[in-house]
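Shown next: structure36.pdb, given as PDB, C-alpha atoms and all ligand atoms.
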```
ATOM      1  CA  MET A   1     104.593  95.221  99.932
ATOM      2  CA  LEU A   2     101.355  96.273  98.222
ATOM      3  CA  ILE A   3     101.881  98.872  95.501
ATOM      4  CA  GLN A   4      98.957 100.961  96.792
ATOM      5  CA  GLU A   5     100.655 101.260 100.198
ATOM      6  CA  THR A   6     103.886 102.820  98.924
ATOM      7  CA  GLU A   7     104.510 106.553  99.417
ATOM      8  CA  TRP A   8     105.220 107.120  95.695
ATOM      9  CA  PHE A   9     101.924 105.528  94.677
ATOM     10  CA  LYS A  10      99.998 107.540  97.276
ATOM     11  CA  GLY A  11     101.777 110.710  96.135
ATOM     12  CA  PHE A  12     100.820 110.006  92.524
ATOM     13  CA  VAL A  13      97.148 109.447  93.390
ATOM     14  CA  ARG A  14      97.020 112.554  95.593
ATOM     15  CA  MET A  15      98.444 114.654  92.769
ATOM     16  CA  ALA A  16      95.855 113.245  90.330
ATOM     17  CA  ASP A  17      93.060 114.080  92.786
ATOM     18  CA  ASP A  18      94.445 117.586  93.309
ATOM     19  CA  GLY A  19      94.640 118.156  89.540
ATOM     20  CA  TYR A  20      91.041 117.029  89.134
ATOM     21  CA  GLY A  21      90.020 119.354  91.966
ATOM     22  CA  MET A  22      91.636 122.261  90.135
ATOM     23  CA  GLY A  23      89.404 121.615  87.109
ATOM     24  CA  TRP A  24      92.313 120.667  84.869
ATOM     25  CA  HIS A  25      91.003 117.212  83.863
ATOM     26  CA  GLU A  26      87.622 117.261  82.159
ATOM     27  CA  CYS A  27      86.649 113.795  80.873
ATOM     28  CA  ASN A  28      89.901 111.932  80.187
ATOM     29  CA  GLY A  29      91.908 115.141  79.722
ATOM     30  CA  GLY A  30      95.531 115.021  80.873
ATOM     31  CA  ASN A  31      97.983 112.301  81.842
ATOM     32  CA  LEU A  32     100.635 111.711  84.510
ATOM     33  CA  SER A  33     103.708 109.491  84.746
ATOM     34  CA  TYR A  34     106.320 108.714  87.393
ATOM     35  CA  ARG A  35     109.725 107.087  86.772
ATOM     36  CA  ILE A  36     109.964 104.591  89.613
ATOM     37  CA  ARG A  37     113.271 104.299  91.528
ATOM     38  CA  GLU A  38     115.046 100.923  91.269
ATOM     39  CA  GLU A  39     114.699 100.276  94.994
ATOM     40  CA  GLU A  40     111.018 101.261  94.904
ATOM     41  CA  ALA A  41     110.323  98.804  92.055
ATOM     42  CA  GLU A  42     112.269  96.051  93.833
ATOM     43  CA  VAL A  43     109.970  95.900  96.870
ATOM     44  CA  VAL A  44     106.749  95.619  94.830
ATOM     45  CA  LYS A  45     107.962  93.313  92.031
ATOM     46  CA  GLU A  46     106.232  90.280  93.552
ATOM     47  CA  SER A  47     102.881  91.800  92.461
ATOM     48  CA  PHE A  48     104.035  92.232  88.847
ATOM     49  CA  LYS A  49     102.514  90.072  86.115
ATOM     50  CA  ASN A  50     104.422  90.457  82.879
ATOM     51  CA  ARG A  51     102.364  90.754  79.699
ATOM     52  CA  GLU A  52     103.631  90.697  76.109
ATOM     53  CA  TRP A  53     106.186  93.203  74.769
ATOM     54  CA  LYS A  54     104.863  95.925  72.451
ATOM     55  CA  ASP A  55     106.580  98.524  70.283
ATOM     56  CA  ILE A  56     106.776 101.975  71.832
ATOM     57  CA  GLY A  57     106.826 103.620  68.401
ATOM     58  CA  THR A  58     110.107 105.393  69.116
ATOM     59  CA  ASN A  59     113.488 104.596  70.645
ATOM     60  CA  VAL A  60     114.323 105.592  74.201
ATOM     61  CA  PRO A  61     117.672 103.892  74.919
ATOM     62  CA  GLY A  62     118.190 106.205  77.884
ATOM     63  CA  LEU A  63     115.298 104.452  79.661
ATOM     64  CA  CYS A  64     116.262 100.775  79.235
ATOM     65  CA  GLY A  65     114.969  98.681  82.123
ATOM     66  CA  GLU A  66     113.061 101.563  83.752
ATOM     67  CA  PHE A  67     109.601 101.139  85.304
ATOM     68  CA  PHE A  68     106.905 103.835  85.051
ATOM     69  CA  LEU A  69     103.569 104.341  86.762
ATOM     70  CA  ILE A  70     101.344 105.950  84.083
ATOM     71  CA  THR A  71      97.699 106.904  83.693
ATOM     72  CA  GLY A  72      95.665 104.847  81.230
ATOM     73  CA  SER A  73      94.365 106.170  77.930
ATOM     74  CA  GLY A  74      90.775 107.381  78.054
ATOM     75  CA  LYS A  75      90.732 107.199  81.856
ATOM     76  CA  PHE A  76      89.151 109.970  83.937
ATOM     77  CA  PHE A  77      91.307 111.613  86.639
ATOM     78  CA  ARG A  78      88.216 111.806  88.869
ATOM     79  CA  ASN A  79      88.222 107.996  89.069
ATOM     80  CA  ILE A  80      91.917 107.457  89.836
ATOM     81  CA  SER A  81      91.712 107.312  93.636
ATOM     82  CA  LEU A  82      88.537 105.176  93.491
ATOM     83  CA  MET A  83      89.776 102.683  90.885
ATOM     84  CA  PRO A  84      93.585 102.832  90.716
ATOM     85  CA  GLU A  85      94.059  99.427  89.074
ATOM     86  CA  ASP A  86      91.557 100.308  86.349
ATOM     87  CA  THR A  87      92.856 103.813  85.624
ATOM     88  CA  LEU A  88      96.615 103.325  86.189
ATOM     89  CA  GLY A  89      99.301 100.818  85.364
ATOM     90  CA  ILE A  90     103.016 100.141  85.550
ATOM     91  CA  ILE A  91     105.077  99.506  82.429
ATOM     92  CA  GLU A  92     108.636  98.280  81.965
ATOM     93  CA  VAL A  93     110.884  99.440  79.097
ATOM     94  CA  ASP A  94     112.962  96.614  77.575
ATOM     95  CA  SER A  95     116.754  96.400  77.309
ATOM     96  CA  THR A  96     116.795  97.993  73.829
ATOM     97  CA  GLY A  97     114.554 100.980  74.631
ATOM     98  CA  SER A  98     112.198 100.179  71.759
ATOM     99  CA  ARG A  99     109.530  98.046  73.489
ATOM    100  CA  TYR A 100     107.479  98.072  76.684
ATOM    101  CA  ARG A 101     105.241  95.666  78.561
ATOM    102  CA  LEU A 102     102.470  96.105  81.106
ATOM    103  CA  VAL A 103     103.429  94.620  84.452
ATOM    104  CA  TRP A 104     100.709  95.874  86.817
ATOM    105  CA  GLY A 105      97.262  97.502  86.668
ATOM    106  CA  TYR A 106      95.386  98.420  83.472
ATOM    107  CA  VAL A 107      92.728  95.856  84.359
ATOM    108  CA  ASN A 108      89.669  95.690  82.078
ATOM    109  CA  GLY A 109      91.841  95.980  78.957
ATOM    110  CA  ALA A 110      93.263  99.454  79.572
ATOM    111  CA  VAL A 111      96.446 100.694  77.906
ATOM    112  CA  PRO A 112      98.872 103.534  78.758
ATOM    113  CA  THR A 113      98.032 107.131  77.793
ATOM    114  CA  SER A 114      97.934 108.031  74.100
ATOM    115  CA  GLU A 115     100.741 110.474  74.996
ATOM    116  CA  LEU A 116     103.050 107.567  75.973
ATOM    117  CA  ILE A 117     105.628 108.460  73.299
ATOM    118  CA  THR A 118     105.750 112.057  74.515
ATOM    119  CA  HIS A 119     106.074 110.989  78.158
ATOM    120  CA  LEU A 120     108.904 108.555  77.425
ATOM    121  CA  MET A 121     110.798 110.844  75.018
ATOM    122  CA  ASN A 122     110.656 113.601  77.609
ATOM    123  CA  HIS A 123     111.569 111.371  80.566
ATOM    124  CA  GLN A 124     114.632 110.423  78.548
ATOM    125  CA  VAL A 125     115.657 114.058  78.032
ATOM    126  CA  LYS A 126     114.917 115.162  81.600
ATOM    127  CA  LYS A 127     116.715 112.133  83.096
ATOM    128  CA  ARG A 128     119.817 113.103  81.118
ATOM    129  CA  VAL A 129     119.796 116.855  81.686
ATOM    130  CA  THR A 130     119.016 116.571  85.418
ATOM    131  CA  GLU A 131     121.448 113.672  85.953
ATOM    132  CA  GLY A 132     118.608 111.375  86.972
ATOM    133  CA  ARG A 133     116.769 113.705  89.359
ATOM    134  CA  SER A 134     113.681 114.441  87.226
ATOM    135  CA  ARG A 135     110.977 111.755  87.705
ATOM    136  CA  VAL A 136     107.529 113.225  87.098
ATOM    137  CA  ILE A 137     105.814 114.278  83.859
ATOM    138  CA  TYR A 138     102.401 115.901  83.950
ATOM    139  CA  HIS A 139     100.093 117.012  81.164
ATOM    140  CA  ALA A 140      96.877 118.911  82.030
ATOM    141  CA  HIS A 141      94.247 121.113  80.387
ATOM    142  CA  PRO A 142      94.131 124.277  82.559
ATOM    143  CA  SER A 143      91.747 126.916  81.142
ATOM    144  CA  ASP A 144      93.686 130.160  81.510
ATOM    145  CA  ILE A 145      96.921 129.026  79.888
ATOM    146  CA  ILE A 146      94.873 127.593  76.991
ATOM    147  CA  ALA A 147      93.008 130.913  76.643
ATOM    148  CA  LEU A 148      96.319 132.777  76.711
ATOM    149  CA  SER A 149      97.595 130.668  73.806
ATOM    150  CA  PHE A 150      94.951 132.360  71.617
ATOM    151  CA  ILE A 151      95.940 135.872  72.710
ATOM    152  CA  LEU A 152      99.735 135.952  72.928
ATOM    153  CA  PRO A 153     102.221 135.259  70.110
ATOM    154  CA  LEU A 154     103.339 131.626  70.413
ATOM    155  CA  GLU A 155     106.892 132.464  71.482
ATOM    156  CA  ASP A 156     108.862 131.319  74.543
ATOM    157  CA  GLU A 157     110.103 134.860  75.187
ATOM    158  CA  VAL A 158     106.638 136.428  75.180
ATOM    159  CA  PHE A 159     104.977 133.796  77.404
ATOM    160  CA  THR A 160     107.860 133.804  79.890
ATOM    161  CA  ARG A 161     108.117 137.601  80.040
ATOM    162  CA  GLU A 162     104.365 138.082  80.457
ATOM    163  CA  LEU A 163     103.959 135.367  83.112
ATOM    164  CA  TRP A 164     107.024 136.473  85.099
ATOM    165  CA  GLY A 165     105.828 140.048  84.886
ATOM    166  CA  ILE A 166     102.368 139.445  86.379
ATOM    167  CA  MET A 167     103.333 137.626  89.596
ATOM    168  CA  THR A 168     106.558 138.384  91.459
ATOM    169  CA  GLU A 169     107.533 134.857  92.483
ATOM    170  CA  CYS A 170     107.144 133.282  89.016
ATOM    171  CA  PRO A 171     110.836 133.693  88.126
ATOM    172  CA  ILE A 172     111.740 131.940  91.384
ATOM    173  CA  VAL A 173     109.478 128.967  90.542
ATOM    174  CA  PHE A 174     110.505 128.740  86.869
ATOM    175  CA  PRO A 175     113.790 130.679  86.495
ATOM    176  CA  LYS A 176     114.622 128.987  83.176
ATOM    177  CA  GLY A 177     111.374 130.283  81.645
ATOM    178  CA  ILE A 178     108.841 128.199  79.727
ATOM    179  CA  GLY A 179     108.616 126.998  76.148
ATOM    180  CA  VAL A 180     105.745 127.087  73.666
ATOM    181  CA  VAL A 181     104.828 124.264  71.278
ATOM    182  CA  PRO A 182     102.593 125.199  68.332
ATOM    183  CA  TRP A 183      99.383 123.227  67.806
ATOM    184  CA  LEU A 184     100.248 119.634  66.954
ATOM    185  CA  VAL A 185      98.164 116.456  66.854
ATOM    186  CA  PRO A 186      97.718 115.039  70.402
ATOM    187  CA  GLY A 187      99.556 111.756  70.908
ATOM    188  CA  SER A 188     101.782 112.303  67.849
ATOM    189  CA  VAL A 189     105.521 111.688  67.594
ATOM    190  CA  GLU A 190     105.811 115.303  66.338
ATOM    191  CA  LEU A 191     104.317 116.612  69.596
ATOM    192  CA  GLY A 192     106.720 114.408  71.565
ATOM    193  CA  LYS A 193     109.730 115.605  69.574
ATOM    194  CA  ALA A 194     108.827 119.308  69.690
ATOM    195  CA  THR A 195     108.309 119.099  73.455
ATOM    196  CA  ALA A 196     111.516 117.120  74.009
ATOM    197  CA  LYS A 197     113.512 119.798  72.200
ATOM    198  CA  LEU A 198     112.190 122.391  74.645
ATOM    199  CA  MET A 199     112.758 120.147  77.686
ATOM    200  CA  GLU A 200     116.507 120.378  76.998
ATOM    201  CA  LYS A 201     116.303 123.879  78.500
ATOM    202  CA  TYR A 202     112.916 124.310  80.248
ATOM    203  CA  ASP A 203     110.868 122.319  82.777
ATOM    204  CA  ALA A 204     107.488 123.290  81.310
ATOM    205  CA  ALA A 205     105.877 124.075  77.972
ATOM    206  CA  VAL A 206     102.556 125.409  76.752
ATOM    207  CA  TRP A 207     100.853 123.190  74.179
ATOM    208  CA  ALA A 208      99.046 125.827  72.118
ATOM    209  CA  HIS A 209      95.226 125.575  72.228
ATOM    210  CA  HIS A 210      95.548 122.292  74.133
ATOM    211  CA  GLY A 211      97.136 122.525  77.583
ATOM    212  CA  MET A 212     100.344 122.478  79.606
ATOM    213  CA  PHE A 213     103.233 120.083  79.997
ATOM    214  CA  ALA A 214     105.315 120.132  83.190
ATOM    215  CA  THR A 215     108.161 118.066  84.613
ATOM    216  CA  GLY A 216     109.908 117.842  87.950
ATOM    217  CA  GLU A 217     111.849 115.890  90.537
ATOM    218  CA  ASP A 218     108.813 115.063  92.660
ATOM    219  CA  PHE A 219     105.030 115.431  92.785
ATOM    220  CA  ASP A 220     105.093 118.638  94.861
ATOM    221  CA  HIS A 221     107.371 120.554  92.507
ATOM    222  CA  THR A 222     105.693 119.326  89.326
ATOM    223  CA  PHE A 223     102.212 120.129  90.618
ATOM    224  CA  GLY A 224     103.476 123.444  92.005
ATOM    225  CA  LEU A 225     104.961 124.377  88.636
ATOM    226  CA  MET A 226     101.680 123.656  86.812
ATOM    227  CA  HIS A 227      99.750 125.545  89.510
ATOM    228  CA  THR A 228     102.022 128.601  89.415
ATOM    229  CA  ILE A 229     101.955 128.894  85.620
ATOM    230  CA  GLU A 230      98.177 128.510  85.485
ATOM    231  CA  LYS A 231      97.655 130.983  88.331
ATOM    232  CA  SER A 232      99.793 133.649  86.680
ATOM    233  CA  ALA A 233      98.015 133.008  83.343
ATOM    234  CA  GLY A 234      94.745 133.664  85.199
ATOM    235  CA  ILE A 235      95.995 136.932  86.681
ATOM    236  CA  LEU A 236      97.236 138.039  83.264
ATOM    237  CA  ILE A 237      93.859 137.315  81.688
ATOM    238  CA  ARG A 238      92.116 139.294  84.465
ATOM    239  CA  GLN A 239      94.439 142.237  83.951
ATOM    240  CA  MET A 240      93.848 142.117  80.183
ATOM    241  CA  SER A 241      90.085 141.719  80.645
ATOM    242  CA  ALA A 242      89.952 144.771  82.884
ATOM    243  CA  GLY A 243      90.466 146.773  79.718
ATOM    244  CA  ARG A 244      93.092 148.969  81.336
ATOM    245  CA  GLU A 245      96.767 149.316  80.524
ATOM    246  CA  LYS A 246      99.150 148.378  83.343
ATOM    247  CA  LEU A 247      99.888 151.582  85.316
ATOM    248  CA  SER A 248     102.996 150.037  86.839
ATOM    249  CA  CYS A 249     105.042 146.907  86.306
ATOM    250  CA  ILE A 250     108.015 144.959  87.638
ATOM    251  CA  THR A 251     111.031 146.478  85.898
ATOM    252  CA  ALA A 252     114.015 144.634  84.434
ATOM    253  CA  ASP A 253     116.184 146.040  87.249
ATOM    254  CA  GLN A 254     113.736 144.816  89.862
ATOM    255  CA  PHE A 255     113.927 141.324  88.316
ATOM    256  CA  ARG A 256     117.732 141.559  88.474
ATOM    257  CA  SER A 257     117.595 142.359  92.215
ATOM    258  CA  LEU A 258     115.138 139.497  92.744
ATOM    259  CA  ALA A 259     117.623 137.183  91.004
ATOM    260  CA  ASP A 260     120.464 138.464  93.259
ATOM    261  CA  ARG A 261     118.419 137.989  96.440
ATOM    262  CA  TYR A 262     117.345 134.434  95.528
ATOM    263  CA  GLY A 263     120.582 133.292  93.883
ATOM    264  CA  ILE A 264     118.988 132.491  90.518
ATOM    265  CA  SER A 265     120.089 133.565  87.069
ATOM    266  CA  LEU A 266     117.469 135.014  84.748
ATOM    267  CA  ASP A 267     118.030 135.050  80.999
ATOM    268  CA  GLU A 268     118.181 138.668  79.818
ATOM    269  CA  ARG A 269     116.148 137.789  76.727
ATOM    270  CA  PHE A 270     113.096 137.400  79.016
ATOM    271  CA  LEU A 271     113.654 140.788  80.663
ATOM    272  CA  GLN A 272     113.561 143.020  77.595
TER
HETATM  273  P1  LIG B 301      94.727 110.054  77.210
HETATM  274  O1  LIG B 301      93.361 109.767  77.833
HETATM  275  O2  LIG B 301      95.067 109.054  76.153
HETATM  276  O3  LIG B 301      95.777 110.187  78.283
HETATM  277  O4  LIG B 301      94.620 111.452  76.453
HETATM  278  C1  LIG B 301      94.274 112.620  77.121
HETATM  279  C2  LIG B 301      94.963 113.834  76.620
HETATM  280  O5  LIG B 301      94.904 114.858  77.273
HETATM  281  C3  LIG B 301      95.708 113.780  75.333
HETATM  282  O6  LIG B 301      96.465 114.933  75.139
HETATM  283 ZN    ZN B 302      95.713 116.667  76.339
END
```

Turn the structure described in the file into structure tokens.
Amino acid sequence: MLIQETEWFKGFVRMADDGYGMGWHECNGGNLSYRIREEEAEVVKESFKNREWKDIGTNVPGLCGEFFLITGSGKFFRNISLMPEDTLGIIEVDSTGSRYRLVWGYVNGAVPTSELITHLMNHQVKKRVTEGRSRVIYHAHPSDIIALSFILPLEDEVFTRELWGIMTECPIVFPKGIGVVPWLVPGSVELGKATAKLMEKYDAAVWAHHGMFATGEDFDHTFGLMHTIEKSAGILIRQMSAGREKLSCITADQFRSLADRYGISLDERFLQ
């Protein structure tokens, strides 16, 4: 079967197009990866051409033998659906979790995203904490959440409380809250580690003055999480820009009844 004809590949490309349409991917901004299921990899393996093993730059023993579809470094999201083999590729992690090789795509000398270490470190954490369900990792540069990272204190509690409080269904979409990573060098091991620590308990994190990082079980939920966080950041900025104090708000008790109605548990530290 041709890789481009599989549902997972089409879902990946559609999500990339949607992200570009939202204005979250100027130039080569952002990156996306999908942990391919064993049975999905099996049916397309005949198109794989193994290249040489390379060091990942970190150890991810929890991902030995896994295959990932990942955007290429320096590639523009607006070109993904037009030139998938140029902008995307599939990599395989070796049996020690310390090396990877390109097996498909990345024609014209492309390589995986400069955030490869962060993607793999975080896939490893999410695979463990979700017992294998989490498969998608998405990094984008949405304007309003970036703007908010200059206005709000860089604390998980503040971001979660403010975003929940400005749009009623936020706690239903991200009941665990969101984390905040201080400014760190893009593509660095430090950024990967700081994010991975937060992914033990959250599904998304703000990268201060840079963008957002979101994870999920499929393309719909990961895209939806990014979309919801960015939309609520936009509403918050509008409310702040109106130059008026809030005349009413969603109270802690109202959040508790929302949690009861939807069967979710909301950490009290985000309600104070
Ligand atoms: P890449 O083009 O290497 O994926 O980098 C884009 C980016 O957003 C880095 O944070
Ligand atoms: Zn970035």

Original post:
So which residues get picked by the PyMOL selection byres (((chain A and resi 65) around 12) and not hetatm) here, written as a PyMOL selection string?
Top reply: chain A and resi 35-38+41+60-64+66-68+91-101

**OP:** Give as an MDAnalysis selection string the residues that the PyMOL selection byres (((not hetatm)) within 9 of (chain B and resi 301)) matches when applied to the coordinates above.
**Re:** chainID A and resid 25 27:32 71:76 111:116 139:141 185:187 210:211

**OP:** For the file shown, report as a PyMOL selection string the outcome of the PyMOL selection byres (((chain A and resi 172-184) around 7) and not hetatm) at residue level.
**Re:** chain A and resi 154-156+160+169-171+185-186+191+194-195+198+202-209+225+264-266

**OP:** Work out how far CA of Lys246 (chain A) is from CA of Asp267 (chain A), in Å to one decimal.
**Re:** 23.2 Å

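Separating CA of Gly19 (chain A) from CA of Ile3 (chain A) is a distance of 21.4 Å.
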
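Using all atoms listed in the file, the nearest neighbour of Val136 (chain A) within the list A:Gly109, A:Pro153, A:Gly57, A:Gly216 is A:Gly216.
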
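CA of Ser81 (chain A) is positioned 20.3 Å from CA of Met226 (chain A).
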
Subject >> Distance query Asp17 (chain A) at most 9 Å, all atoms listed in the file, self and fewer than 6 positions along chain excluded, as number ranges by chain >> reply: A: 77-81

With C-alpha atoms retained, write the just-selected residues as a PDB file, in the coordinates of the input.
```
ATOM      1  CA  PHE A  77      91.307 111.613  86.639  1.00  0.00           C
ATOM      2  CA  ARG A  78      88.216 111.806  88.869  1.00  0.00           C
ATOM      3  CA  ASN A  79      88.222 107.996  89.069  1.00  0.00           C
ATOM      4  CA  ILE A  80      91.917 107.457  89.836  1.00  0.00           C
ATOM      5  CA  SER A  81      91.712 107.312  93.636  1.00  0.00           C
TER       6      SER A  81
END
```

**OP:** Determine the nearest neighbour of ligand ZN 302 (chain B) from the options A:Ala242, A:Val189, A:Ile146, A:Cys249, counting all atoms listed in the file.
**Re:** A:Ile146

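Here the question is which of A:Ile117, A:Ile70, A:Leu258, A:Ile250 gets nearest to Ser188 (chain A) using only C-alpha atoms, and that residue is A:Ile117.
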
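Using only C-alpha atoms and all ligand atoms for every distance, the candidate list A:Gly243, A:Pro142, A:Gly132, A:Gly234 yields A:Pro142 as the residue closest to ligand ZN 302 (chain B).
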
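Distance annotation: of A:Asp86, A:Asp18, A:Glu7, A:Glu26, the residue with the minimal separation from ligand ZN 302 (chain B) is A:Glu26; atom set is only C-alpha atoms and all ligand atoms.
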
Report, as AutoDock Vina command-line options, the centre and edge lengths in Å (one decimal) of the axis-aligned box enclosing every listed atom of region 105-119 of chain A, padded by 5 Å on each side.
```
--center_x 97.9 --center_y 103.9 --center_z 80.0 --size_x 26.4 --size_y 26.4 --size_z 23.4
```

Which region 60-91 of chain A residues have any atom within 7 Å of an atom of region 104-107 of chain A, and for each, what is the nearest pair of atoms with distance in Å to one decimal, counting all atoms listed in the file, rows sorted by chain and number, as JSON lines?
```
{"residue": "A:Gly72", "atom": "CA", "partner": "A:Tyr106", "partner_atom": "CA", "distance": 6.8}
{"residue": "A:Glu85", "atom": "CA", "partner": "A:Gly105", "partner_atom": "CA", "distance": 4.4}
{"residue": "A:Asp86", "atom": "CA", "partner": "A:Val107", "partner_atom": "CA", "distance": 5.0}
{"residue": "A:Thr87", "atom": "CA", "partner": "A:Tyr106", "partner_atom": "CA", "distance": 6.3}
{"residue": "A:Leu88", "atom": "CA", "partner": "A:Tyr106", "partner_atom": "CA", "distance": 5.7}
{"residue": "A:Gly89", "atom": "CA", "partner": "A:Gly105", "partner_atom": "CA", "distance": 4.1}
{"residue": "A:Ile90", "atom": "CA", "partner": "A:Trp104", "partner_atom": "CA", "distance": 5.0}
```

**OP:** Return the single residue from A:Lys201, A:Lys193, A:Trp24, A:Ser47 that is closest to ligand ZN 302 (chain B), with distances computed using only C-alpha atoms and all ligand atoms.
**Re:** A:Trp24

Neighbours of region 237-241 of chain A within 10 Å (all atoms listed in the file; same-chain residues fewer than 2 positions away dropped), as a JSON list (two decimals) with C-alpha atoms, in the coordinates of the input?
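Okay, selection13.json is ready:
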```json
[["chain", "number", "residue", "atom", "x", "y", "z"],
["A", 144, "ASP", "CA", 93.69, 130.16, 81.51],
["A", 145, "ILE", "CA", 96.92, 129.03, 79.89],
["A", 147, "ALA", "CA", 93.01, 130.91, 76.64],
["A", 148, "LEU", "CA", 96.32, 132.78, 76.71],
["A", 151, "ILE", "CA", 95.94, 135.87, 72.71],
["A", 166, "ILE", "CA", 102.37, 139.44, 86.38],
["A", 231, "LYS", "CA", 97.66, 130.98, 88.33],
["A", 232, "SER", "CA", 99.79, 133.65, 86.68],
["A", 233, "ALA", "CA", 98.02, 133.01, 83.34],
["A", 234, "GLY", "CA", 94.74, 133.66, 85.20],
["A", 235, "ILE", "CA", 96.00, 136.93, 86.68],
["A", 243, "GLY", "CA", 90.47, 146.77, 79.72],
["A", 244, "ARG", "CA", 93.09, 148.97, 81.34],
["A", 245, "GLU", "CA", 96.77, 149.32, 80.52],
["A", 246, "LYS", "CA", 99.15, 148.38, 83.34]]
```

Could you rebuild region 64-78 of chain A with N, CA, C and O atoms and give it back as a PDB file, keeping the file's coordinate frame?
```pdb
ATOM      1  N   CYS A  64     116.266 102.251  79.212  1.00  0.00           N
ATOM      2  CA  CYS A  64     116.262 100.775  79.235  1.00  0.00           C
ATOM      3  C   CYS A  64     116.088 100.262  80.663  1.00  0.00           C
ATOM      4  O   CYS A  64     116.781 100.714  81.579  1.00  0.00           O
ATOM      5  N   GLY A  65     115.157  99.321  80.821  1.00  0.00           N
ATOM      6  CA  GLY A  65     114.969  98.681  82.123  1.00  0.00           C
ATOM      7  C   GLY A  65     114.231  99.517  83.156  1.00  0.00           C
ATOM      8  O   GLY A  65     114.050  99.084  84.294  1.00  0.00           O
ATOM      9  N   GLU A  66     113.775 100.704  82.787  1.00  0.00           N
ATOM     10  CA  GLU A  66     113.061 101.563  83.752  1.00  0.00           C
ATOM     11  C   GLU A  66     111.596 101.142  83.872  1.00  0.00           C
ATOM     12  O   GLU A  66     110.985 100.670  82.908  1.00  0.00           O
ATOM     13  N   PHE A  67     111.026 101.372  85.056  1.00  0.00           N
ATOM     14  CA  PHE A  67     109.601 101.139  85.304  1.00  0.00           C
ATOM     15  C   PHE A  67     108.901 102.481  85.495  1.00  0.00           C
ATOM     16  O   PHE A  67     109.463 103.390  86.121  1.00  0.00           O
ATOM     17  N   PHE A  68     107.682 102.590  84.939  1.00  0.00           N
ATOM     18  CA  PHE A  68     106.905 103.835  85.051  1.00  0.00           C
ATOM     19  C   PHE A  68     105.490 103.531  85.520  1.00  0.00           C
ATOM     20  O   PHE A  68     104.864 102.581  85.020  1.00  0.00           O
ATOM     21  N   LEU A  69     104.994 104.362  86.424  1.00  0.00           N
ATOM     22  CA  LEU A  69     103.569 104.341  86.762  1.00  0.00           C
ATOM     23  C   LEU A  69     102.927 105.398  85.872  1.00  0.00           C
ATOM     24  O   LEU A  69     103.358 106.565  85.886  1.00  0.00           O
ATOM     25  N   ILE A  70     101.923 105.014  85.083  1.00  0.00           N
ATOM     26  CA  ILE A  70     101.344 105.950  84.083  1.00  0.00           C
ATOM     27  C   ILE A  70      99.825 105.801  84.021  1.00  0.00           C
ATOM     28  O   ILE A  70      99.299 104.684  84.081  1.00  0.00           O
ATOM     29  N   THR A  71      99.157 106.928  83.845  1.00  0.00           N
ATOM     30  CA  THR A  71      97.699 106.904  83.693  1.00  0.00           C
ATOM     31  C   THR A  71      97.320 106.180  82.392  1.00  0.00           C
ATOM     32  O   THR A  71      98.061 106.202  81.413  1.00  0.00           O
ATOM     33  N   GLY A  72      96.138 105.571  82.405  1.00  0.00           N
ATOM     34  CA  GLY A  72      95.665 104.847  81.230  1.00  0.00           C
ATOM     35  C   GLY A  72      94.992 105.773  80.227  1.00  0.00           C
ATOM     36  O   GLY A  72      94.467 106.828  80.592  1.00  0.00           O
ATOM     37  N   SER A  73      94.999 105.357  78.970  1.00  0.00           N
ATOM     38  CA  SER A  73      94.365 106.170  77.930  1.00  0.00           C
ATOM     39  C   SER A  73      92.846 106.133  78.085  1.00  0.00           C
ATOM     40  O   SER A  73      92.259 105.071  78.306  1.00  0.00           O
ATOM     41  N   GLY A  74      92.237 107.297  77.968  1.00  0.00           N
ATOM     42  CA  GLY A  74      90.775 107.381  78.054  1.00  0.00           C
ATOM     43  C   GLY A  74      90.252 107.331  79.484  1.00  0.00           C
ATOM     44  O   GLY A  74      89.041 107.328  79.704  1.00  0.00           O
ATOM     45  N   LYS A  75      91.155 107.283  80.456  1.00  0.00           N
ATOM     46  CA  LYS A  75      90.732 107.199  81.856  1.00  0.00           C
ATOM     47  C   LYS A  75      90.501 108.593  82.444  1.00  0.00           C
ATOM     48  O   LYS A  75      91.201 109.548  82.082  1.00  0.00           O
ATOM     49  N   PHE A  76      89.518 108.687  83.333  1.00  0.00           N
ATOM     50  CA  PHE A  76      89.151 109.970  83.937  1.00  0.00           C
ATOM     51  C   PHE A  76      89.925 110.176  85.243  1.00  0.00           C
ATOM     52  O   PHE A  76      89.893 109.302  86.112  1.00  0.00           O
ATOM     53  N   PHE A  77      90.573 111.343  85.399  1.00  0.00           N
ATOM     54  CA  PHE A  77      91.307 111.613  86.639  1.00  0.00           C
ATOM     55  C   PHE A  77      90.383 111.503  87.859  1.00  0.00           C
ATOM     56  O   PHE A  77      90.819 111.106  88.918  1.00  0.00           O
ATOM     57  N   ARG A  78      89.102 111.832  87.703  1.00  0.00           N
ATOM     58  CA  ARG A  78      88.216 111.806  88.869  1.00  0.00           C
ATOM     59  C   ARG A  78      88.014 110.385  89.407  1.00  0.00           C
ATOM     60  O   ARG A  78      87.546 110.184  90.520  1.00  0.00           O
TER      61      ARG A  78
END
```
